[in-house]
Amino acid sequence: MATVMRRAAALSARHILAAAASPSSRLVPRCHMSANAGAAMERIRAAGLLRTRGLIGGQWVDAYDGKTIEVQNPATGEVLANVPCMGSRETSDAIASANDAFRAWSKLTASERSKALRKWYDLIISHKEELALLMTLEQGKPMKEALGEVTYGASFIEYFAEEAKRIHGDIIPPTLPDRRLLVLKQAIH
């Protein structure tokens with residue numbers, strides 16, 4: 001079964017390797033995959049997009065017990081990276097740290113939150129090819145599909161960056177003459 005899955009992934013992975021193949025070639029020879037995958041990983045590293053540690057409390061950390069998981073290219077079985085195999089302790093610490101970070105985030109103005117989200121969106125778009133390449137290497141997804149997925153996912157961040165500027169309260173018509181209903185929208189935790 002694993003061999004069948006690798007062969008299927010190889011058909012998808014060949015999309016990222018088209019530059020190394022001649023224009024008349026329909027399939028990329030297997031010997032080119034490893035060299036091209038290595039060059040692709042170097043491009044991703046050079047862009048600063050490959051992290052092999054988990055982010056907890058603003059620090060890049062390994063699993064507390066040192067265990068790792070291999071990330072393999074499904075087309076070749078080649079190990080692309082080793083990442084921490086984090087468990088419940090790391091998860092609890094990450095949740096607590098995210099909660100702490102949210103307190104500071106919720107104190108920012110709507111404009112400041114909008115700018116931060118927009119910067120995140122701009123970074124994703126400026127590195128969409130490298131992010132798509134990473135997805136292709138990890139998942140065997142065709143490059144065009146991965147590019148579409150990166151762009152689509154980034155569009156949600158762009159949407160909320162724009163909406164963050166328009167976080168207004170409302171006054172709702174009351175049902176009683178001596179009352180006023182005021183809605184204040186704010187970040188909650």
# chains A, B, ... in the order shown; residues from 1 in each chain; ligands from 1
$ residues_around --residues "region 43-47 of chain A" --least-positions-apart "5" --cutoff "9 Å" --atoms "only C-alpha atoms" --output "PyMOL selection string"
chain A and resi 38+127+130-131+133-134
$ write_last_selection --atoms "N, CA, C and O atoms" --output "mmCIF file, in the first residue's frame"
data_model
loop_
_atom_site.group_PDB
_atom_site.id
_atom_site.type_symbol
_atom_site.label_atom_id
_atom_site.label_comp_id
_atom_site.auth_asym_id
_atom_site.auth_seq_id
_atom_site.Cartn_x
_atom_site.Cartn_y
_atom_site.Cartn_z
ATOM 1 N N GLY A 38 16.053 18.632 -2.755
ATOM 2 C CA GLY A 38 17.073 19.278 -1.928
ATOM 3 C C GLY A 38 17.206 20.751 -2.258
ATOM 4 O O GLY A 38 17.299 21.598 -1.361
ATOM 5 N N HIS A 127 5.687 35.242 -0.101
ATOM 6 C CA HIS A 127 6.370 33.942 -0.071
ATOM 7 C C HIS A 127 5.455 32.811 -0.527
ATOM 8 O O HIS A 127 5.690 31.655 -0.177
ATOM 9 N N GLU A 130 7.209 29.748 -2.224
ATOM 10 C CA GLU A 130 7.951 28.887 -1.312
ATOM 11 C C GLU A 130 7.015 28.092 -0.402
ATOM 12 O O GLU A 130 7.266 26.913 -0.143
ATOM 13 N N LEU A 131 5.941 28.719 0.064
ATOM 14 C CA LEU A 131 4.972 28.001 0.902
ATOM 15 C C LEU A 131 4.292 26.888 0.110
ATOM 16 O O LEU A 131 4.098 25.778 0.623
ATOM 17 N N LEU A 133 5.559 25.374 -2.472
ATOM 18 C CA LEU A 133 6.599 24.372 -2.710
ATOM 19 C C LEU A 133 6.736 23.450 -1.498
ATOM 20 O O LEU A 133 6.824 22.236 -1.633
ATOM 21 N N LEU A 134 6.704 24.029 -0.310
ATOM 22 C CA LEU A 134 6.779 23.234 0.914
ATOM 23 C C LEU A 134 5.584 22.284 1.019
ATOM 24 O O LEU A 134 5.739 21.105 1.351
#
$ residues_around --residues "Asp100 (chain A)" --least-positions-apart "5" --cutoff "12 Å" --atoms "only C-alpha atoms" --output "ChimeraX atom specification"
/A:56-58,93-95,105-107,189
$ write_last_selection --atoms "C-alpha atoms" --output "CSV table (one decimal), in the first residue's frame"
chain,number,residue,atom,x,y,z
A,56,ILE,CA,5.6,28.2,22.7
A,57,GLY,CA,5.7,31.4,24.7
A,58,GLY,CA,7.5,33.3,22.0
A,93,ASP,CA,1.9,25.4,27.7
A,94,ALA,CA,1.1,26.6,24.2
A,95,ILE,CA,-2.5,27.2,25.1
A,105,TRP,CA,-3.5,41.6,21.5
A,106,SER,CA,-7.0,42.5,22.8
A,107,LYS,CA,-5.6,45.8,24.2
A,189,HIS,CA,-11.0,35.8,26.2
$ residues_around --residues "Gly169 (chain A)" --least-positions-apart "2" --cutoff "10 Å" --atoms "only C-alpha atoms" --output "short mmCIF file (atom, residue, chain, number, x, y, z; two decimals) with N, CA, C and O atoms, in the first residue's frame"
data_model
loop_
_atom_site.label_atom_id
_atom_site.label_comp_id
_atom_site.auth_asym_id
_atom_site.auth_seq_id
_atom_site.Cartn_x
_atom_site.Cartn_y
_atom_site.Cartn_z
N ARG A 166 -13.14 48.07 10.87
CA ARG A 166 -14.56 48.45 10.93
C ARG A 166 -15.28 47.82 12.11
O ARG A 166 -16.43 47.44 12.00
N ILE A 167 -14.60 47.72 13.23
CA ILE A 167 -15.24 47.12 14.40
C ILE A 167 -15.93 48.25 15.16
O ILE A 167 -15.34 48.98 15.92
N ILE A 171 -26.16 50.95 18.36
CA ILE A 171 -27.25 51.29 19.28
C ILE A 171 -28.49 50.65 18.70
O ILE A 171 -28.88 50.92 17.57
N ILE A 172 -29.09 49.78 19.49
CA ILE A 172 -30.24 49.00 19.03
C ILE A 172 -31.51 49.68 19.53
O ILE A 172 -31.57 50.09 20.70
N LEU A 182 -26.92 49.37 23.97
CA LEU A 182 -25.65 49.71 23.36
C LEU A 182 -24.82 48.45 23.20
O LEU A 182 -24.66 47.69 24.16
N VAL A 183 -24.29 48.21 22.00
CA VAL A 183 -23.44 47.04 21.74
C VAL A 183 -22.02 47.53 21.57
O VAL A 183 -21.73 48.38 20.72
N LEU A 184 -21.12 47.00 22.38
CA LEU A 184 -19.71 47.32 22.28
C LEU A 184 -18.99 46.06 21.83
O LEU A 184 -19.05 45.03 22.50
N LYS A 185 -18.32 46.11 20.68
CA LYS A 185 -17.59 44.95 20.15
C LYS A 185 -16.14 45.06 20.58
O LYS A 185 -15.51 46.11 20.39
N GLN A 186 -15.65 44.01 21.19
CA GLN A 186 -14.26 44.00 21.64
C GLN A 186 -13.75 42.56 21.65
O GLN A 186 -14.54 41.63 21.67
#
$ closest_residue --among "A:Leu123, A:Thr175, A:Val83, A:Glu158" --to "Trp60 (chain A)" --atoms "only C-alpha atoms"
A:Val83
$ select_by_dssp --residues "region 7-183 of chain A" --states "helix (DSSP H, G or I)" --output "number ranges by chain"
A: 7-20, 30-46, 88-106, 110-126, 128-139, 143-164
$ residues_around --residues "Lys128 (chain A)" --least-positions-apart "3" --cutoff "10 Å" --atoms "only C-alpha atoms" --output "PDB file with N, CA and C atoms, in the first residue's frame"
ATOM      1  N   ASP A 122       0.559  40.114   3.789  1.00  0.00           N
ATOM      2  CA  ASP A 122       1.591  40.514   2.818  1.00  0.00           C
ATOM      3  C   ASP A 122       2.780  39.553   2.835  1.00  0.00           C
ATOM      4  N   LEU A 123       3.170  39.088   4.028  1.00  0.00           N
ATOM      5  CA  LEU A 123       4.277  38.127   4.125  1.00  0.00           C
ATOM      6  C   LEU A 123       3.919  36.800   3.458  1.00  0.00           C
ATOM      7  N   ILE A 124       2.704  36.345   3.676  1.00  0.00           N
ATOM      8  CA  ILE A 124       2.276  35.087   3.042  1.00  0.00           C
ATOM      9  C   ILE A 124       2.314  35.229   1.522  1.00  0.00           C
ATOM     10  N   ILE A 125       1.747  36.307   1.007  1.00  0.00           N
ATOM     11  CA  ILE A 125       1.700  36.504  -0.444  1.00  0.00           C
ATOM     12  C   ILE A 125       3.100  36.668  -1.032  1.00  0.00           C
ATOM     13  N   LEU A 131       5.941  28.719   0.064  1.00  0.00           N
ATOM     14  CA  LEU A 131       4.972  28.001   0.902  1.00  0.00           C
ATOM     15  C   LEU A 131       4.292  26.888   0.110  1.00  0.00           C
ATOM     16  N   ALA A 132       3.946  27.172  -1.132  1.00  0.00           N
ATOM     17  CA  ALA A 132       3.326  26.151  -1.984  1.00  0.00           C
ATOM     18  C   ALA A 132       4.312  25.022  -2.267  1.00  0.00           C
ATOM     19  N   LEU A 133       5.559  25.374  -2.472  1.00  0.00           N
ATOM     20  CA  LEU A 133       6.599  24.372  -2.710  1.00  0.00           C
ATOM     21  C   LEU A 133       6.736  23.450  -1.498  1.00  0.00           C
ATOM     22  N   LEU A 134       6.704  24.029  -0.310  1.00  0.00           N
ATOM     23  CA  LEU A 134       6.779  23.234   0.914  1.00  0.00           C
ATOM     24  C   LEU A 134       5.584  22.284   1.019  1.00  0.00           C
ATOM     25  N   ALA A 146      -1.399  23.806  -4.739  1.00  0.00           N
ATOM     26  CA  ALA A 146      -0.817  24.350  -3.509  1.00  0.00           C
ATOM     27  C   ALA A 146      -0.785  25.877  -3.552  1.00  0.00           C
ATOM     28  N   LEU A 147      -0.434  26.442  -4.696  1.00  0.00           N
ATOM     29  CA  LEU A 147      -0.447  27.908  -4.840  1.00  0.00           C
ATOM     30  C   LEU A 147      -1.854  28.457  -4.613  1.00  0.00           C
ATOM     31  N   GLY A 148      -2.831  27.794  -5.178  1.00  0.00           N
ATOM     32  CA  GLY A 148      -4.215  28.216  -4.986  1.00  0.00           C
ATOM     33  C   GLY A 148      -4.627  28.139  -3.531  1.00  0.00           C
ATOM     34  N   GLU A 149      -4.184  27.101  -2.835  1.00  0.00           N
ATOM     35  CA  GLU A 149      -4.536  26.935  -1.428  1.00  0.00           C
ATOM     36  C   GLU A 149      -3.886  28.015  -0.558  1.00  0.00           C
ATOM     37  N   VAL A 150      -2.632  28.347  -0.843  1.00  0.00           N
ATOM     38  CA  VAL A 150      -1.952  29.410  -0.086  1.00  0.00           C
ATOM     39  C   VAL A 150      -2.667  30.736  -0.303  1.00  0.00           C
ATOM     40  N   THR A 151      -2.978  31.048  -1.550  1.00  0.00           N
ATOM     41  CA  THR A 151      -3.649  32.307  -1.865  1.00  0.00           C
ATOM     42  C   THR A 151      -5.045  32.359  -1.243  1.00  0.00           C
ATOM     43  N   ALA A 154      -4.736  32.817   2.531  1.00  0.00           N
ATOM     44  CA  ALA A 154      -4.314  34.190   2.828  1.00  0.00           C
ATOM     45  C   ALA A 154      -5.469  35.168   2.661  1.00  0.00           C
TER      46      ALA A 154
END
$ atom_distance --atom1 "CA of Glu145 (chain A)" --atom2 "CA of Ala81 (chain A)"
22.6 Å
$ closest_residue --among "A:Ala161, A:Ala104, A:Ala96, A:Val79" --to "Leu137 (chain A)" --atoms "only C-alpha atoms"
A:Val79
$ atom_distance --atom1 "CA of Glu112 (chain A)" --atom2 "CA of Gly48 (chain A)"
25.0 Å
$ decode --residues "region 131-147 of chain A" --atoms "all heavy atoms" --output "PDB file, in the first residue's frame"
ATOM      1  N   LEU A 131       5.941  28.719   0.064  1.00  0.00           N
ATOM      2  CA  LEU A 131       4.972  28.001   0.902  1.00  0.00           C
ATOM      3  C   LEU A 131       4.292  26.888   0.110  1.00  0.00           C
ATOM      4  O   LEU A 131       4.098  25.778   0.623  1.00  0.00           O
ATOM      5  CB  LEU A 131       3.940  28.979   1.474  1.00  0.00           C
ATOM      6  CG  LEU A 131       4.493  29.968   2.506  1.00  0.00           C
ATOM      7  CD1 LEU A 131       3.476  31.070   2.789  1.00  0.00           C
ATOM      8  CD2 LEU A 131       4.893  29.249   3.783  1.00  0.00           C
ATOM      9  N   ALA A 132       3.946  27.172  -1.132  1.00  0.00           N
ATOM     10  CA  ALA A 132       3.326  26.151  -1.984  1.00  0.00           C
ATOM     11  C   ALA A 132       4.312  25.022  -2.267  1.00  0.00           C
ATOM     12  O   ALA A 132       3.939  23.840  -2.277  1.00  0.00           O
ATOM     13  CB  ALA A 132       2.834  26.781  -3.288  1.00  0.00           C
ATOM     14  N   LEU A 133       5.559  25.374  -2.472  1.00  0.00           N
ATOM     15  CA  LEU A 133       6.599  24.372  -2.710  1.00  0.00           C
ATOM     16  C   LEU A 133       6.736  23.450  -1.498  1.00  0.00           C
ATOM     17  O   LEU A 133       6.824  22.236  -1.633  1.00  0.00           O
ATOM     18  CB  LEU A 133       7.922  25.089  -3.000  1.00  0.00           C
ATOM     19  CG  LEU A 133       9.107  24.269  -3.441  1.00  0.00           C
ATOM     20  CD1 LEU A 133       8.781  23.484  -4.704  1.00  0.00           C
ATOM     21  CD2 LEU A 133      10.293  25.201  -3.690  1.00  0.00           C
ATOM     22  N   LEU A 134       6.704  24.029  -0.310  1.00  0.00           N
ATOM     23  CA  LEU A 134       6.779  23.234   0.914  1.00  0.00           C
ATOM     24  C   LEU A 134       5.584  22.284   1.019  1.00  0.00           C
ATOM     25  O   LEU A 134       5.739  21.105   1.351  1.00  0.00           O
ATOM     26  CB  LEU A 134       6.845  24.154   2.137  1.00  0.00           C
ATOM     27  CG  LEU A 134       6.973  23.472   3.493  1.00  0.00           C
ATOM     28  CD1 LEU A 134       8.232  22.614   3.566  1.00  0.00           C
ATOM     29  CD2 LEU A 134       6.973  24.514   4.599  1.00  0.00           C
ATOM     30  N   MET A 135       4.404  22.783   0.710  1.00  0.00           N
ATOM     31  CA  MET A 135       3.207  21.931   0.736  1.00  0.00           C
ATOM     32  C   MET A 135       3.336  20.786  -0.256  1.00  0.00           C
ATOM     33  O   MET A 135       2.968  19.637   0.030  1.00  0.00           O
ATOM     34  CB  MET A 135       1.958  22.756   0.423  1.00  0.00           C
ATOM     35  CG  MET A 135       1.577  23.719   1.521  1.00  0.00           C
ATOM     36  SD  MET A 135       0.229  24.824   1.048  1.00  0.00           S
ATOM     37  CE  MET A 135      -1.111  23.668   0.867  1.00  0.00           C
ATOM     38  N   THR A 136       3.859  21.082  -1.432  1.00  0.00           N
ATOM     39  CA  THR A 136       4.024  20.065  -2.464  1.00  0.00           C
ATOM     40  C   THR A 136       5.012  18.992  -2.009  1.00  0.00           C
ATOM     41  O   THR A 136       4.768  17.802  -2.181  1.00  0.00           O
ATOM     42  CB  THR A 136       4.476  20.714  -3.781  1.00  0.00           C
ATOM     43  OG1 THR A 136       3.461  21.619  -4.198  1.00  0.00           O
ATOM     44  CG2 THR A 136       4.701  19.685  -4.864  1.00  0.00           C
ATOM     45  N   LEU A 137       6.119  19.432  -1.419  1.00  0.00           N
ATOM     46  CA  LEU A 137       7.110  18.469  -0.946  1.00  0.00           C
ATOM     47  C   LEU A 137       6.565  17.607   0.194  1.00  0.00           C
ATOM     48  O   LEU A 137       6.818  16.410   0.245  1.00  0.00           O
ATOM     49  CB  LEU A 137       8.370  19.203  -0.475  1.00  0.00           C
ATOM     50  CG  LEU A 137       9.234  19.804  -1.576  1.00  0.00           C
ATOM     51  CD1 LEU A 137      10.294  20.720  -0.983  1.00  0.00           C
ATOM     52  CD2 LEU A 137       9.877  18.706  -2.415  1.00  0.00           C
ATOM     53  N   GLU A 138       5.823  18.212   1.105  1.00  0.00           N
ATOM     54  CA  GLU A 138       5.308  17.481   2.268  1.00  0.00           C
ATOM     55  C   GLU A 138       4.125  16.580   1.932  1.00  0.00           C
ATOM     56  O   GLU A 138       3.947  15.540   2.549  1.00  0.00           O
ATOM     57  CB  GLU A 138       4.811  18.456   3.343  1.00  0.00           C
ATOM     58  CG  GLU A 138       5.867  19.173   4.092  1.00  0.00           C
ATOM     59  CD  GLU A 138       5.282  20.067   5.177  1.00  0.00           C
ATOM     60  OE1 GLU A 138       4.067  20.375   5.144  1.00  0.00           O
ATOM     61  OE2 GLU A 138       6.046  20.464   6.055  1.00  0.00           O
ATOM     62  N   GLN A 139       3.280  17.026   0.991  1.00  0.00           N
ATOM     63  CA  GLN A 139       2.013  16.350   0.770  1.00  0.00           C
ATOM     64  C   GLN A 139       1.885  15.685  -0.592  1.00  0.00           C
ATOM     65  O   GLN A 139       0.952  14.913  -0.804  1.00  0.00           O
ATOM     66  CB  GLN A 139       0.860  17.361   0.906  1.00  0.00           C
ATOM     67  CG  GLN A 139       0.834  18.059   2.241  1.00  0.00           C
ATOM     68  CD  GLN A 139      -0.112  19.242   2.228  1.00  0.00           C
ATOM     69  OE1 GLN A 139      -0.948  19.405   1.347  1.00  0.00           O
ATOM     70  NE2 GLN A 139       0.015  20.098   3.220  1.00  0.00           N
ATOM     71  N   GLY A 140       2.756  16.030  -1.518  1.00  0.00           N
ATOM     72  CA  GLY A 140       2.621  15.495  -2.863  1.00  0.00           C
ATOM     73  C   GLY A 140       1.546  16.200  -3.663  1.00  0.00           C
ATOM     74  O   GLY A 140       1.113  15.731  -4.712  1.00  0.00           O
ATOM     75  N   LYS A 141       1.119  17.355  -3.188  1.00  0.00           N
ATOM     76  CA  LYS A 141       0.071  18.142  -3.845  1.00  0.00           C
ATOM     77  C   LYS A 141       0.648  18.807  -5.094  1.00  0.00           C
ATOM     78  O   LYS A 141       1.776  19.279  -5.067  1.00  0.00           O
ATOM     79  CB  LYS A 141      -0.402  19.201  -2.849  1.00  0.00           C
ATOM     80  CG  LYS A 141      -1.571  20.027  -3.279  1.00  0.00           C
ATOM     81  CD  LYS A 141      -1.987  20.933  -2.142  1.00  0.00           C
ATOM     82  CE  LYS A 141      -2.564  20.102  -1.044  1.00  0.00           C
ATOM     83  NZ  LYS A 141      -3.813  20.538  -0.512  1.00  0.00           N
ATOM     84  N   PRO A 142      -0.092  18.881  -6.198  1.00  0.00           N
ATOM     85  CA  PRO A 142       0.407  19.606  -7.371  1.00  0.00           C
ATOM     86  C   PRO A 142       0.685  21.077  -7.026  1.00  0.00           C
ATOM     87  O   PRO A 142      -0.035  21.686  -6.237  1.00  0.00           O
ATOM     88  CB  PRO A 142      -0.737  19.500  -8.381  1.00  0.00           C
ATOM     89  CG  PRO A 142      -1.513  18.309  -7.950  1.00  0.00           C
ATOM     90  CD  PRO A 142      -1.393  18.266  -6.449  1.00  0.00           C
ATOM     91  N   MET A 143       1.732  21.618  -7.615  1.00  0.00           N
ATOM     92  CA  MET A 143       2.163  22.979  -7.298  1.00  0.00           C
ATOM     93  C   MET A 143       1.052  24.000  -7.535  1.00  0.00           C
ATOM     94  O   MET A 143       0.839  24.893  -6.716  1.00  0.00           O
ATOM     95  CB  MET A 143       3.406  23.330  -8.132  1.00  0.00           C
ATOM     96  CG  MET A 143       4.005  24.658  -7.815  1.00  0.00           C
ATOM     97  SD  MET A 143       4.687  24.697  -6.155  1.00  0.00           S
ATOM     98  CE  MET A 143       5.534  26.258  -6.209  1.00  0.00           C
ATOM     99  N   LYS A 144       0.337  23.865  -8.633  1.00  0.00           N
ATOM    100  CA  LYS A 144      -0.733  24.823  -8.941  1.00  0.00           C
ATOM    101  C   LYS A 144      -1.822  24.790  -7.873  1.00  0.00           C
ATOM    102  O   LYS A 144      -2.330  25.827  -7.448  1.00  0.00           O
ATOM    103  CB  LYS A 144      -1.318  24.526 -10.325  1.00  0.00           C
ATOM    104  CG  LYS A 144      -2.296  25.560 -10.806  1.00  0.00           C
ATOM    105  CD  LYS A 144      -2.715  25.307 -12.244  1.00  0.00           C
ATOM    106  CE  LYS A 144      -3.667  26.374 -12.705  1.00  0.00           C
ATOM    107  NZ  LYS A 144      -4.064  26.195 -14.088  1.00  0.00           N
ATOM    108  N   GLU A 145      -2.162  23.601  -7.423  1.00  0.00           N
ATOM    109  CA  GLU A 145      -3.170  23.455  -6.371  1.00  0.00           C
ATOM    110  C   GLU A 145      -2.660  24.045  -5.050  1.00  0.00           C
ATOM    111  O   GLU A 145      -3.399  24.713  -4.327  1.00  0.00           O
ATOM    112  CB  GLU A 145      -3.522  21.983  -6.191  1.00  0.00           C
ATOM    113  CG  GLU A 145      -4.643  21.735  -5.217  1.00  0.00           C
ATOM    114  CD  GLU A 145      -5.002  20.257  -5.116  1.00  0.00           C
ATOM    115  OE1 GLU A 145      -4.952  19.551  -6.135  1.00  0.00           O
ATOM    116  OE2 GLU A 145      -5.341  19.827  -3.999  1.00  0.00           O
ATOM    117  N   ALA A 146      -1.399  23.806  -4.739  1.00  0.00           N
ATOM    118  CA  ALA A 146      -0.817  24.350  -3.509  1.00  0.00           C
ATOM    119  C   ALA A 146      -0.785  25.877  -3.552  1.00  0.00           C
ATOM    120  O   ALA A 146      -1.095  26.535  -2.556  1.00  0.00           O
ATOM    121  CB  ALA A 146       0.590  23.790  -3.302  1.00  0.00           C
ATOM    122  N   LEU A 147      -0.434  26.442  -4.696  1.00  0.00           N
ATOM    123  CA  LEU A 147      -0.447  27.908  -4.840  1.00  0.00           C
ATOM    124  C   LEU A 147      -1.854  28.457  -4.613  1.00  0.00           C
ATOM    125  O   LEU A 147      -2.026  29.474  -3.933  1.00  0.00           O
ATOM    126  CB  LEU A 147       0.034  28.318  -6.234  1.00  0.00           C
ATOM    127  CG  LEU A 147       1.522  28.515  -6.409  1.00  0.00           C
ATOM    128  CD1 LEU A 147       1.869  28.634  -7.891  1.00  0.00           C
ATOM    129  CD2 LEU A 147       2.015  29.717  -5.642  1.00  0.00           C
TER     130      LEU A 147
END
